[in-house]
>>> print(open('model.txt').read())   # compact mmCIF, C-alpha atoms
# COMPACT_ATOMS: atom_id res chain seq x y z
CA PHE A 1468 0.00 0.00 0.00
CA PRO A 1469 1.12 3.60 -0.48
CA MET A 1470 3.34 4.57 2.44
CA GLN A 1471 0.76 7.22 3.31
CA MET A 1472 -1.77 4.61 4.42
CA PRO A 1473 -0.28 2.31 7.07
CA GLU A 1474 -3.78 2.16 8.61
CA LEU A 1475 -4.83 -0.29 5.90
CA ALA A 1476 -2.27 -2.83 7.07
CA LYS A 1477 -3.98 -3.34 10.45
CA CYS A 1478 -5.22 -6.89 11.09
CA SER A 1479 -8.77 -5.60 11.68
CA VAL A 1480 -8.91 -4.51 8.01
CA LEU A 1481 -10.18 -7.20 5.63
CA MET A 1482 -10.21 -6.87 1.84
CA ARG A 1483 -11.46 -9.31 -0.76
CA GLU A 1484 -9.40 -7.65 -3.53
CA ARG A 1485 -6.68 -5.49 -2.15
CA SER A 1486 -5.38 -4.47 -5.59
CA ARG A 1487 -8.82 -3.22 -6.66
CA VAL A 1488 -9.06 -1.15 -3.49
CA GLU A 1489 -5.65 0.37 -4.23
CA GLU A 1490 -6.56 1.15 -7.83
CA THR A 1491 -9.85 2.76 -6.82
CA ILE A 1492 -8.20 4.96 -4.20
CA HIS A 1493 -5.49 6.00 -6.68
CA ALA A 1494 -8.07 6.82 -9.36
CA MET A 1495 -10.03 8.94 -6.86
CA GLN A 1496 -6.87 10.74 -5.77
CA ARG A 1497 -6.03 11.59 -9.39
CA ALA A 1498 -9.53 12.97 -9.97
CA GLY A 1499 -9.28 15.04 -6.78
CA ALA A 1500 -11.65 16.23 -4.08
CA GLY A 1501 -13.84 18.05 -6.61
CA SER A 1502 -15.07 14.73 -8.02
CA LEU A 1503 -15.75 13.12 -4.65
CA GLN A 1504 -18.78 12.65 -2.45
CA VAL A 1505 -19.08 10.62 0.75
CA ILE A 1506 -22.28 8.74 1.58
CA SER A 1507 -22.57 7.35 5.08
CA ASP A 1508 -24.97 5.64 7.42
CA PHE A 1509 -25.14 7.22 10.90
CA ASP A 1510 -25.89 4.85 13.80
CA MET A 1511 -22.99 2.45 14.46
CA THR A 1512 -21.15 3.80 11.41
CA LEU A 1513 -20.37 7.41 12.30
CA THR A 1514 -21.23 6.68 15.93
CA ARG A 1515 -19.50 4.03 18.01
CA PHE A 1516 -21.00 0.59 18.47
CA ALA A 1517 -19.73 0.23 22.04
CA HIS A 1518 -17.56 2.00 24.57
CA ASN A 1519 -15.93 0.30 27.58
CA GLY A 1520 -17.98 -2.81 26.90
CA LYS A 1521 -21.31 -0.94 26.88
CA ARG A 1522 -23.44 -0.38 23.79
CA VAL A 1523 -23.55 3.24 22.62
CA PRO A 1524 -27.13 4.46 22.02
CA THR A 1525 -28.57 4.84 18.53
CA THR A 1526 -30.75 7.87 17.70
CA HIS A 1527 -33.84 5.81 18.60
CA ASN A 1528 -32.24 4.74 21.93
CA ILE A 1529 -31.47 8.38 22.80
CA LEU A 1530 -35.23 8.99 22.80
CA ASP A 1531 -35.51 6.45 25.61
CA ASN A 1532 -35.28 9.16 28.24
CA ARG A 1533 -37.86 10.11 30.87
CA LEU A 1534 -37.71 13.69 29.58
CA LEU A 1535 -39.38 12.38 26.43
CA ILE A 1536 -41.15 9.07 27.00
CA ASN A 1537 -42.63 7.12 29.92
CA GLU A 1538 -41.71 3.66 31.25
CA ASP A 1539 -44.54 1.92 29.46
CA CYS A 1540 -43.31 3.25 26.11
CA THR A 1541 -39.74 2.16 26.94
CA ARG A 1542 -40.99 -1.35 27.72
CA LYS A 1543 -42.98 -1.60 24.48
CA MET A 1544 -40.05 -0.31 22.41
CA ARG A 1545 -37.76 -2.87 24.04
CA GLU A 1546 -40.21 -5.67 23.26
CA LEU A 1547 -40.27 -4.58 19.63
CA LEU A 1548 -36.47 -4.51 19.53
CA ASN A 1549 -36.28 -8.03 20.96
CA THR A 1550 -38.75 -9.21 18.35
CA TYR A 1551 -37.43 -7.48 15.24
CA TYR A 1552 -33.69 -6.89 15.70
CA PRO A 1553 -32.85 -10.62 15.49
CA ILE A 1554 -34.75 -10.63 12.18
CA GLU A 1555 -32.85 -7.57 10.88
CA ILE A 1556 -29.47 -9.25 11.38
CA ASP A 1557 -30.52 -12.83 10.55
CA ALA A 1558 -28.03 -14.01 7.92
CA SER A 1559 -30.39 -16.77 6.76
CA ARG A 1560 -33.18 -14.42 5.64
CA SER A 1561 -33.22 -12.38 2.44
CA ALA A 1562 -33.68 -8.60 2.38
CA GLU A 1563 -37.02 -9.13 0.58
CA GLU A 1564 -38.20 -11.26 3.46
CA LYS A 1565 -37.08 -8.72 6.05
CA LEU A 1566 -38.54 -5.67 4.32
CA PRO A 1567 -42.21 -5.85 5.40
CA LEU A 1568 -41.14 -6.77 8.93
CA MET A 1569 -38.85 -3.74 9.16
CA VAL A 1570 -41.65 -1.46 7.96
CA GLU A 1571 -43.86 -2.99 10.65
CA TRP A 1572 -41.19 -2.40 13.34
CA TRP A 1573 -40.42 1.21 12.42
CA THR A 1574 -44.10 2.09 12.01
CA LYS A 1575 -44.94 0.71 15.46
CA VAL A 1576 -42.04 2.58 17.06
CA HIS A 1577 -43.06 5.84 15.39
CA GLU A 1578 -46.66 5.35 16.54
CA LEU A 1579 -45.47 4.83 20.13
CA LEU A 1580 -43.34 7.98 19.98
CA ILE A 1581 -46.21 10.06 18.58
CA GLU A 1582 -48.47 8.86 21.44
CA GLN A 1583 -45.87 10.26 23.87
CA LYS A 1584 -46.32 13.81 22.55
CA ILE A 1585 -42.57 14.40 22.55
CA ARG A 1586 -41.59 18.05 22.92
CA ARG A 1587 -39.08 19.52 20.49
CA ASP A 1588 -37.40 21.65 23.16
CA MET A 1589 -36.50 18.55 25.18
CA LEU A 1590 -34.58 16.80 22.39
CA ALA A 1591 -31.32 18.70 22.92
CA HIS A 1592 -31.46 17.89 26.66
CA ALA A 1593 -31.98 14.20 25.96
CA VAL A 1594 -28.99 14.16 23.58
CA LYS A 1595 -26.87 15.99 26.17
CA GLU A 1596 -27.79 13.46 28.88
CA SER A 1597 -27.18 10.45 26.62
CA SER A 1598 -23.93 8.57 26.15
CA ALA A 1599 -24.02 9.11 22.37
CA MET A 1600 -20.50 9.02 20.92
CA LEU A 1601 -19.17 9.64 17.46
CA ARG A 1602 -16.30 7.32 16.50
CA ASP A 1603 -12.75 8.28 17.45
CA GLY A 1604 -11.28 10.49 14.74
CA TYR A 1605 -14.63 12.12 13.95
CA LYS A 1606 -13.22 15.67 14.08
CA VAL A 1607 -10.59 14.86 11.44
CA PHE A 1608 -13.27 13.16 9.33
CA PHE A 1609 -15.82 15.99 9.37
CA GLU A 1610 -13.20 18.71 9.07
CA CYS A 1611 -11.30 17.12 6.18
CA LEU A 1612 -14.54 16.89 4.17
CA ALA A 1613 -15.68 20.42 5.05
CA GLU A 1614 -12.28 21.92 4.26
CA HIS A 1615 -12.21 20.32 0.80
CA GLN A 1616 -15.92 21.06 0.24
CA VAL A 1617 -16.68 17.39 -0.26
CA PRO A 1618 -20.42 16.77 0.26
CA LEU A 1619 -21.24 14.33 3.05
CA LEU A 1620 -24.61 12.70 2.57
CA ILE A 1621 -25.76 11.05 5.79
CA PHE A 1622 -28.42 8.48 5.17
CA SER A 1623 -30.13 7.20 8.27
CA ALA A 1624 -33.03 4.97 9.24
CA GLY A 1625 -32.81 6.69 12.63
CA VAL A 1626 -34.36 10.00 13.69
CA GLY A 1627 -33.05 13.01 11.77
CA ASP A 1628 -33.72 15.58 14.50
CA VAL A 1629 -31.72 13.56 17.05
CA LEU A 1630 -28.91 12.80 14.61
CA GLU A 1631 -28.49 16.52 13.77
CA GLU A 1632 -28.38 17.37 17.46
CA VAL A 1633 -25.63 14.78 18.11
CA ILE A 1634 -23.52 16.27 15.30
CA ARG A 1635 -24.22 19.82 16.53
CA GLN A 1636 -23.27 19.05 20.13
CA ASN A 1637 -19.97 17.65 18.82
CA HIS A 1638 -19.44 20.96 16.93
CA VAL A 1639 -18.98 19.38 13.50
CA PHE A 1640 -22.21 20.35 11.74
CA HIS A 1641 -20.63 21.92 8.65
CA PRO A 1642 -22.45 23.28 5.56
CA ASN A 1643 -21.30 20.37 3.36
CA ILE A 1644 -23.59 17.97 5.27
CA HIS A 1645 -26.89 16.74 3.78
CA ILE A 1646 -29.16 14.38 5.69
CA ILE A 1647 -31.81 11.94 4.55
CA SER A 1648 -33.61 10.46 7.54
CA ASN A 1649 -36.90 10.18 9.45
CA TYR A 1650 -37.75 13.70 10.60
CA MET A 1651 -40.26 14.57 13.25
CA ASP A 1652 -43.16 16.84 12.42
CA PHE A 1653 -44.04 19.13 15.33
CA ASP A 1654 -47.26 21.13 15.70
CA GLN A 1655 -47.38 24.88 16.47
CA THR A 1656 -46.79 24.24 20.15
CA GLY A 1657 -43.68 22.15 19.47
CA VAL A 1658 -45.25 18.76 20.16
CA LEU A 1659 -44.59 15.71 17.95
CA GLN A 1660 -47.65 14.97 15.82
CA ALA A 1661 -46.24 12.79 13.01
CA PHE A 1662 -43.13 11.83 11.07
CA LYS A 1663 -42.50 13.60 7.75
CA GLY A 1664 -42.47 11.99 4.34
CA GLN A 1665 -41.55 8.47 3.40
CA LEU A 1666 -40.39 6.05 6.10
CA ILE A 1667 -36.70 5.16 5.86
CA HIS A 1668 -35.65 1.85 7.38
CA THR A 1669 -32.59 -0.35 7.03
CA PHE A 1670 -33.68 -2.05 3.82
CA ASN A 1671 -35.27 0.68 1.69
CA LYS A 1672 -32.39 3.11 1.48
CA ARG A 1673 -32.33 2.47 -2.27
CA GLU A 1674 -35.72 4.17 -2.73
CA GLY A 1675 -34.58 7.09 -0.59
CA ALA A 1676 -31.37 7.34 -2.60
CA LEU A 1677 -33.29 7.44 -5.87
CA SER A 1678 -35.95 9.89 -4.73
CA HIS A 1679 -33.97 12.28 -2.50
CA ALA A 1680 -30.25 12.08 -3.19
CA ALA A 1681 -30.70 12.16 -6.95
CA GLY A 1682 -32.24 15.61 -6.52
CA LEU A 1683 -29.41 17.18 -4.52
CA ARG A 1684 -27.75 19.73 -6.79
CA GLU A 1685 -24.56 19.72 -4.71
CA LEU A 1686 -23.95 16.07 -5.58
CA GLN A 1687 -24.10 16.54 -9.36
CA GLY A 1688 -20.84 16.03 -11.23
CA ARG A 1689 -19.23 14.04 -8.41
CA PRO A 1690 -18.87 10.54 -9.86
CA ASN A 1691 -16.50 9.19 -7.19
CA VAL A 1692 -18.09 7.82 -4.05
CA VAL A 1693 -16.80 6.60 -0.72
CA LEU A 1694 -19.70 4.76 0.94
CA MET A 1695 -19.68 3.78 4.63
CA GLY A 1696 -22.15 1.57 6.45
CA ASP A 1697 -22.57 -1.20 9.02
CA SER A 1698 -25.36 -3.15 7.36
CA LEU A 1699 -25.59 -4.84 3.95
CA GLY A 1700 -28.68 -2.69 3.35
CA ASP A 1701 -26.40 0.36 3.34
CA LEU A 1702 -24.79 -0.73 0.07
CA THR A 1703 -27.76 0.66 -1.88
CA MET A 1704 -27.19 4.21 -0.59
CA ALA A 1705 -25.17 5.10 -3.70
CA ASP A 1706 -27.90 3.97 -6.10
CA GLY A 1707 -28.97 7.59 -6.61
CA VAL A 1708 -25.56 8.64 -7.94
CA SER A 1709 -25.83 9.34 -11.67
CA GLU A 1710 -23.04 7.73 -13.72
CA PRO A 1711 -20.71 6.72 -10.88
CA GLN A 1712 -17.08 6.16 -11.90
CA ASN A 1713 -15.26 4.91 -8.82
CA VAL A 1714 -17.13 3.59 -5.80
CA LEU A 1715 -15.31 2.39 -2.68
CA THR A 1716 -17.44 0.74 0.00
CA ILE A 1717 -16.34 0.47 3.63
CA GLY A 1718 -18.25 -1.80 5.99
CA PHE A 1719 -18.08 -1.73 9.78
CA LEU A 1720 -18.57 -5.26 11.10
CA ASN A 1721 -19.48 -4.45 14.69
CA ASP A 1722 -20.88 -7.65 16.12
CA GLN A 1723 -21.72 -11.26 15.20
CA VAL A 1724 -18.39 -11.24 13.42
CA GLU A 1725 -18.04 -14.94 12.64
CA GLU A 1726 -21.60 -15.32 11.35
CA ARG A 1727 -21.41 -12.29 9.10
CA LYS A 1728 -17.74 -12.03 8.12
CA GLU A 1729 -18.06 -13.89 4.84
CA SER A 1730 -21.05 -11.94 3.56
CA TYR A 1731 -19.41 -8.62 4.52
CA ILE A 1732 -16.13 -9.48 2.79
CA ASN A 1733 -18.08 -10.47 -0.33
CA SER A 1734 -20.17 -7.30 -0.27
CA PHE A 1735 -17.94 -4.43 0.93
CA ASP A 1736 -14.55 -3.54 -0.60
CA VAL A 1737 -13.05 -2.86 2.84
CA VAL A 1738 -14.34 -4.49 6.03
CA LEU A 1739 -13.40 -3.11 9.45
CA VAL A 1740 -13.79 -5.67 12.22
CA LYS A 1741 -14.68 -4.32 15.67
CA ASP A 1742 -12.91 -1.04 14.88
CA GLU A 1743 -14.41 1.83 16.91
CA THR A 1744 -12.44 4.49 15.03
CA LEU A 1745 -12.60 6.35 11.73
CA ASP A 1746 -8.85 5.85 11.22
CA VAL A 1747 -9.20 3.88 7.99
CA PRO A 1748 -11.76 6.17 6.30
CA ASN A 1749 -9.65 9.15 7.45
CA ALA A 1750 -6.47 7.71 5.93
CA ILE A 1751 -8.27 7.04 2.65
CA LEU A 1752 -9.90 10.49 2.56
CA ARG A 1753 -6.66 12.21 3.49
CA TYR A 1754 -4.99 10.43 0.57
CA ILE A 1755 -7.77 11.17 -1.95
CA THR A 1756 -8.00 14.85 -1.01
CA SER A 1757 -4.24 15.45 -0.92
CA SER A 1758 -3.02 17.40 -3.93
CA ARG A 1759 -0.34 16.08 -6.27
CA ASP A 1760 2.18 18.57 -4.87
CA GLU A 1761 1.74 17.22 -1.35
CA MET A 1762 2.08 13.71 -2.78
CA GLN A 1763 5.35 14.59 -4.47
CA HIS A 1764 6.56 16.15 -1.28
CA ALA A 1765 5.59 13.06 0.73
CA THR A 1766 7.41 10.77 -1.68
CA LEU A 1767 10.55 12.91 -1.74
CA THR A 1768 10.95 13.38 2.00
>>> encode(input="model.txt", output="structure tokens")
Amino acid sequence: FPMQMPELAKCSVLMRERSRVEETIHAMQRAGAGSLQVISDFDMTLTRFAHNGKRVPTTHNILDNRLLINEDCTRKMRELLNTYYPIEIDASRSAEEKLPLMVEWWTKVHELLIEQKIRRDMLAHAVKESSAMLRDGYKVFFECLAEHQVPLLIFSAGVGDVLEEVIRQNHVFHPNIHIISNYMDFDQTGVLQAFKGQLIHTFNKREGALSHAAGLRELQGRPNVVLMGDSLGDLTMADGVSEPQNVLTIGFLNDQVEERKESYINSFDVVLVKDETLDVPNAILRYITSSRDEMQHATLT
């Protein structure tokens, strides 16, 4: 690998075709930052999966706070999780099979949240009180993209309002960020009354990519894509890119490693096993966005 990317030599980094990964990264570097866009999932991709042995909350988990919902709602949401999450990650079921069940799960959760009459002004407090954590290296990641004006499209089956607040409280909400997610619809008094638009869950990101992302003017003329996700369903997030040239997919394999390793290696270009950092994406992005002059300099010194 280029000397500039020792991160890719770590034993937690798995690649089906190392040479193809190298070629893709080189091609993207030659085309430069102006041709690049980054498309990423949020929960357990940009945020950590665990910290000190404890699971880090997803945007839906952050809502599990007495400021927002009561104990009965928490219990019902937990029951739904215990029913549907095993289905979501079941390697023996096809995405087609999972799809209606995911719609069912998300719809039920949203209905429970609406019943709770969540107040908009309490969301920031709930995020502040939560143990939400972006992955180590997040500042470098967000700042590198903002500095080179590379659009970051965050595509999440979570809750958009919560996700934005997490990024804001970490002081990295830059203007190059675009978000496609489930947004809350509040009434005049600031109380949750519905969710806006089309439901986005783990397995219909393709529809969202085609309907929303395709319409984002800022993404036009950027045929090179770095895609990051933690679920096989995330691989469709680039389906809205018109005439893609180079696409590099990075998959975070957070848990159930042995069961899922093979399918991840066959599906993502780069697989990161139980890696709680953004070191590898950062190394790749640093390389792609570095100008030829810097490259020359790096090779000479």
>>> atom_distance(input="model.txt", atom1="atom CA of A:Ile1755", atom2="atom CA of A:Glu1489")
11.2 Å
>>> residues_around(input="model.txt", residues="stretch 1666-1679 of chain A", least_positions_apart="4", cutoff="9 Å", atoms="only C-alpha atoms", output="short mmCIF file (atom, residue, chain, number, x, y, z; two decimals) with C-alpha atoms, in the coordinates of the input")
data_model
loop_
_atom_site.label_atom_id
_atom_site.label_comp_id
_atom_site.auth_asym_id
_atom_site.auth_seq_id
_atom_site.Cartn_x
_atom_site.Cartn_y
_atom_site.Cartn_z
CA GLU A 1555 -32.85 -7.57 10.88
CA ALA A 1562 -33.68 -8.60 2.38
CA GLU A 1563 -37.02 -9.13 0.58
CA LYS A 1565 -37.08 -8.72 6.05
CA LEU A 1566 -38.54 -5.67 4.32
CA MET A 1569 -38.85 -3.74 9.16
CA VAL A 1570 -41.65 -1.46 7.96
CA TRP A 1573 -40.42 1.21 12.42
CA THR A 1574 -44.10 2.09 12.01
CA PHE A 1622 -28.42 8.48 5.17
CA SER A 1623 -30.13 7.20 8.27
CA ALA A 1624 -33.03 4.97 9.24
CA GLY A 1625 -32.81 6.69 12.63
CA ILE A 1647 -31.81 11.94 4.55
CA SER A 1648 -33.61 10.46 7.54
CA ASN A 1649 -36.90 10.18 9.45
CA PHE A 1662 -43.13 11.83 11.07
CA LEU A 1683 -29.41 17.18 -4.52
CA SER A 1698 -25.36 -3.15 7.36
CA LEU A 1699 -25.59 -4.84 3.95
CA GLY A 1700 -28.68 -2.69 3.35
CA ASP A 1701 -26.40 0.36 3.34
CA LEU A 1702 -24.79 -0.73 0.07
CA THR A 1703 -27.76 0.66 -1.88
CA MET A 1704 -27.19 4.21 -0.59
CA ALA A 1705 -25.17 5.10 -3.70
CA ASP A 1706 -27.90 3.97 -6.10
CA GLY A 1707 -28.97 7.59 -6.61
CA VAL A 1708 -25.56 8.64 -7.94
#
>>> atom_distance(input="model.txt", atom1="atom CA of A:Asp1736", atom2="atom CA of A:Thr1716")
5.2 Å
>>> residues_around(input="model.txt", residues="stretch 1599-1613 of chain A", least_positions_apart="3", cutoff="7 Å", atoms="only C-alpha atoms", output="list of chain:residue names")
A:Leu1513, A:Thr1514, A:Arg1515, A:Val1523, A:Pro1524, A:Gln1616, A:Val1617, A:Val1639, A:His1641, A:Asn1643, A:Glu1743, A:Thr1744, A:Leu1745, A:Asp1746, A:Asn1749
>>> atom_distance(input="model.txt", atom1="atom CA of A:Arg1684", atom2="atom CA of A:Ala1498")
19.7 Å
>>> closest_residue(input="model.txt", among="A:Leu1503, A:Gly1520, A:Gly1664, A:Met1511", to="A:Leu1694", atoms="only C-alpha atoms")
A:Leu1503
>>> axis_aligned_box(input="model.txt", around="stretch 1645-1661 of chain A", padding_each_side="8 Å", output="AutoDock Vina command-line options")
--center_x -37.3 --center_y 17.5 --center_z 12.0 --size_x 36.8 --size_y 30.7 --size_z 32.4
>>> residues_around(input="model.txt", residues="A:Glu1578", least_positions_apart="4", cutoff="12 Å", atoms="only C-alpha atoms", output="JSON, numbers by chain")
{"A": [1540, 1543, 1544, 1571, 1572, 1573, 1574, 1582, 1583, 1584, 1585, 1651, 1659, 1660, 1661, 1662]}
>>> residues_around(input="model.txt", residues="A:Ile1751", least_positions_apart="5", cutoff="9 Å", atoms="all atoms listed in the file", output="PyMOL selection string")
chain A and resi 1472+1474-1475+1492+1746+1756
>>> residues_around(input="model.txt", residues="A:Ala1593", least_positions_apart="2", cutoff="10 Å", atoms="all atoms listed in the file", output="list in words")
Ile1529, Leu1530, Asp1531, Asn1532, Arg1533, Leu1534, Leu1535, Asp1588, Met1589, Leu1590, Ala1591, Lys1595, Glu1596, Ser1597, Ser1598, Val1629 and Glu1632 of chain A
>>> closest_residue(input="model.txt", among="A:Ala1494, A:Lys1575, A:Glu1631, A:Asp1742", to="A:Glu1546", atoms="all atoms listed in the file")
A:Lys1575
>>> closest_residue(input="model.txt", among="A:Asp1722, A:Ser1507, A:Ser1486, A:Thr1491", to="A:Met1695", atoms="only C-alpha atoms")
A:Ser1507
>>> closest_residue(input="model.txt", among="A:Asn1537, A:Arg1545, A:His1615, A:Val1594", to="A:Ser1757", atoms="all atoms listed in the file")
A:His1615
>>> closest_residue(input="model.txt", among="A:Pro1711, A:Pro1618, A:Gly1718, A:Pro1473", to="A:Ala1500", atoms="only C-alpha atoms")
A:Pro1618
>>> residues_near_point(input="model.txt", point="(-34.1, 11.0, 16.3)", cutoff="6 Å", atoms="all atoms listed in the file", output="PyMOL selection string")
chain A and resi 1526-1527+1625-1630
>>> closest_residue(input="model.txt", among="A:Val1714, A:Leu1720, A:Val1633, A:Ile1646", to="A:Thr1525", atoms="all atoms listed in the file")
A:Val1633
>>> build_atoms(input="model.txt", residues="stretch 1541-1566 of chain A", atoms="N, CA and C atoms", output="PDB file, in the coordinates of the input")
ATOM      1  N   THR A1541     -41.068   2.792  26.943  1.00  0.00           N
ATOM      2  CA  THR A1541     -39.740   2.160  26.940  1.00  0.00           C
ATOM      3  C   THR A1541     -39.881   0.639  26.849  1.00  0.00           C
ATOM      4  N   ARG A1542     -40.783   0.102  27.679  1.00  0.00           N
ATOM      5  CA  ARG A1542     -40.990  -1.350  27.720  1.00  0.00           C
ATOM      6  C   ARG A1542     -41.464  -1.861  26.353  1.00  0.00           C
ATOM      7  N   LYS A1543     -42.436  -1.169  25.776  1.00  0.00           N
ATOM      8  CA  LYS A1543     -42.980  -1.600  24.480  1.00  0.00           C
ATOM      9  C   LYS A1543     -41.922  -1.512  23.375  1.00  0.00           C
ATOM     10  N   MET A1544     -41.087  -0.452  23.421  1.00  0.00           N
ATOM     11  CA  MET A1544     -40.050  -0.310  22.410  1.00  0.00           C
ATOM     12  C   MET A1544     -39.003  -1.425  22.545  1.00  0.00           C
ATOM     13  N   ARG A1545     -38.734  -1.794  23.791  1.00  0.00           N
ATOM     14  CA  ARG A1545     -37.760  -2.870  24.040  1.00  0.00           C
ATOM     15  C   ARG A1545     -38.292  -4.204  23.529  1.00  0.00           C
ATOM     16  N   GLU A1546     -39.589  -4.435  23.754  1.00  0.00           N
ATOM     17  CA  GLU A1546     -40.210  -5.670  23.260  1.00  0.00           C
ATOM     18  C   GLU A1546     -40.118  -5.749  21.739  1.00  0.00           C
ATOM     19  N   LEU A1547     -40.356  -4.611  21.094  1.00  0.00           N
ATOM     20  CA  LEU A1547     -40.270  -4.580  19.630  1.00  0.00           C
ATOM     21  C   LEU A1547     -38.847  -4.873  19.174  1.00  0.00           C
ATOM     22  N   LEU A1548     -37.875  -4.282  19.862  1.00  0.00           N
ATOM     23  CA  LEU A1548     -36.470  -4.510  19.530  1.00  0.00           C
ATOM     24  C   LEU A1548     -36.131  -5.999  19.636  1.00  0.00           C
ATOM     25  N   ASN A1549     -36.576  -6.615  20.750  1.00  0.00           N
ATOM     26  CA  ASN A1549     -36.280  -8.030  20.960  1.00  0.00           C
ATOM     27  C   ASN A1549     -36.951  -8.922  19.933  1.00  0.00           C
ATOM     28  N   THR A1550     -38.055  -8.442  19.379  1.00  0.00           N
ATOM     29  CA  THR A1550     -38.750  -9.210  18.350  1.00  0.00           C
ATOM     30  C   THR A1550     -38.088  -9.030  16.988  1.00  0.00           C
ATOM     31  N   TYR A1551     -37.831  -7.772  16.618  1.00  0.00           N
ATOM     32  CA  TYR A1551     -37.430  -7.480  15.240  1.00  0.00           C
ATOM     33  C   TYR A1551     -35.926  -7.398  14.972  1.00  0.00           C
ATOM     34  N   TYR A1552     -35.122  -7.014  15.972  1.00  0.00           N
ATOM     35  CA  TYR A1552     -33.690  -6.890  15.700  1.00  0.00           C
ATOM     36  C   TYR A1552     -33.058  -8.216  15.271  1.00  0.00           C
ATOM     37  N   PRO A1553     -33.416  -9.333  15.941  1.00  0.00           N
ATOM     38  CA  PRO A1553     -32.850 -10.620  15.490  1.00  0.00           C
ATOM     39  C   PRO A1553     -33.192 -10.904  14.022  1.00  0.00           C
ATOM     40  N   ILE A1554     -34.361 -10.424  13.578  1.00  0.00           N
ATOM     41  CA  ILE A1554     -34.750 -10.630  12.180  1.00  0.00           C
ATOM     42  C   ILE A1554     -33.877  -9.760  11.271  1.00  0.00           C
ATOM     43  N   GLU A1555     -33.649  -8.497  11.694  1.00  0.00           N
ATOM     44  CA  GLU A1555     -32.850  -7.570  10.880  1.00  0.00           C
ATOM     45  C   GLU A1555     -31.458  -8.140  10.585  1.00  0.00           C
ATOM     46  N   ILE A1556     -30.836  -8.774  11.579  1.00  0.00           N
ATOM     47  CA  ILE A1556     -29.470  -9.250  11.380  1.00  0.00           C
ATOM     48  C   ILE A1556     -29.365 -10.741  11.064  1.00  0.00           C
ATOM     49  N   ASP A1557     -30.514 -11.401  10.841  1.00  0.00           N
ATOM     50  CA  ASP A1557     -30.520 -12.830  10.550  1.00  0.00           C
ATOM     51  C   ASP A1557     -29.918 -13.117   9.174  1.00  0.00           C
ATOM     52  N   ALA A1558     -28.749 -13.747   9.171  1.00  0.00           N
ATOM     53  CA  ALA A1558     -28.030 -14.010   7.920  1.00  0.00           C
ATOM     54  C   ALA A1558     -28.778 -14.987   7.010  1.00  0.00           C
ATOM     55  N   SER A1559     -29.711 -15.756   7.572  1.00  0.00           N
ATOM     56  CA  SER A1559     -30.390 -16.770   6.760  1.00  0.00           C
ATOM     57  C   SER A1559     -31.640 -16.232   6.043  1.00  0.00           C
ATOM     58  N   ARG A1560     -32.011 -14.992   6.326  1.00  0.00           N
ATOM     59  CA  ARG A1560     -33.180 -14.420   5.640  1.00  0.00           C
ATOM     60  C   ARG A1560     -32.762 -13.407   4.588  1.00  0.00           C
ATOM     61  N   SER A1561     -33.534 -13.330   3.509  1.00  0.00           N
ATOM     62  CA  SER A1561     -33.220 -12.380   2.440  1.00  0.00           C
ATOM     63  C   SER A1561     -33.762 -11.000   2.808  1.00  0.00           C
ATOM     64  N   ALA A1562     -33.227  -9.973   2.137  1.00  0.00           N
ATOM     65  CA  ALA A1562     -33.680  -8.600   2.380  1.00  0.00           C
ATOM     66  C   ALA A1562     -35.173  -8.472   2.041  1.00  0.00           C
ATOM     67  N   GLU A1563     -35.608  -9.178   0.987  1.00  0.00           N
ATOM     68  CA  GLU A1563     -37.020  -9.130   0.580  1.00  0.00           C
ATOM     69  C   GLU A1563     -37.916  -9.612   1.710  1.00  0.00           C
ATOM     70  N   GLU A1564     -37.447 -10.668   2.364  1.00  0.00           N
ATOM     71  CA  GLU A1564     -38.200 -11.260   3.460  1.00  0.00           C
ATOM     72  C   GLU A1564     -38.279 -10.301   4.647  1.00  0.00           C
ATOM     73  N   LYS A1565     -37.168  -9.600   4.882  1.00  0.00           N
ATOM     74  CA  LYS A1565     -37.080  -8.720   6.050  1.00  0.00           C
ATOM     75  C   LYS A1565     -37.870  -7.427   5.852  1.00  0.00           C
ATOM     76  N   LEU A1566     -37.992  -6.994   4.607  1.00  0.00           N
ATOM     77  CA  LEU A1566     -38.540  -5.670   4.320  1.00  0.00           C
ATOM     78  C   LEU A1566     -39.868  -5.360   4.991  1.00  0.00           C
TER      79      LEU A1566
END
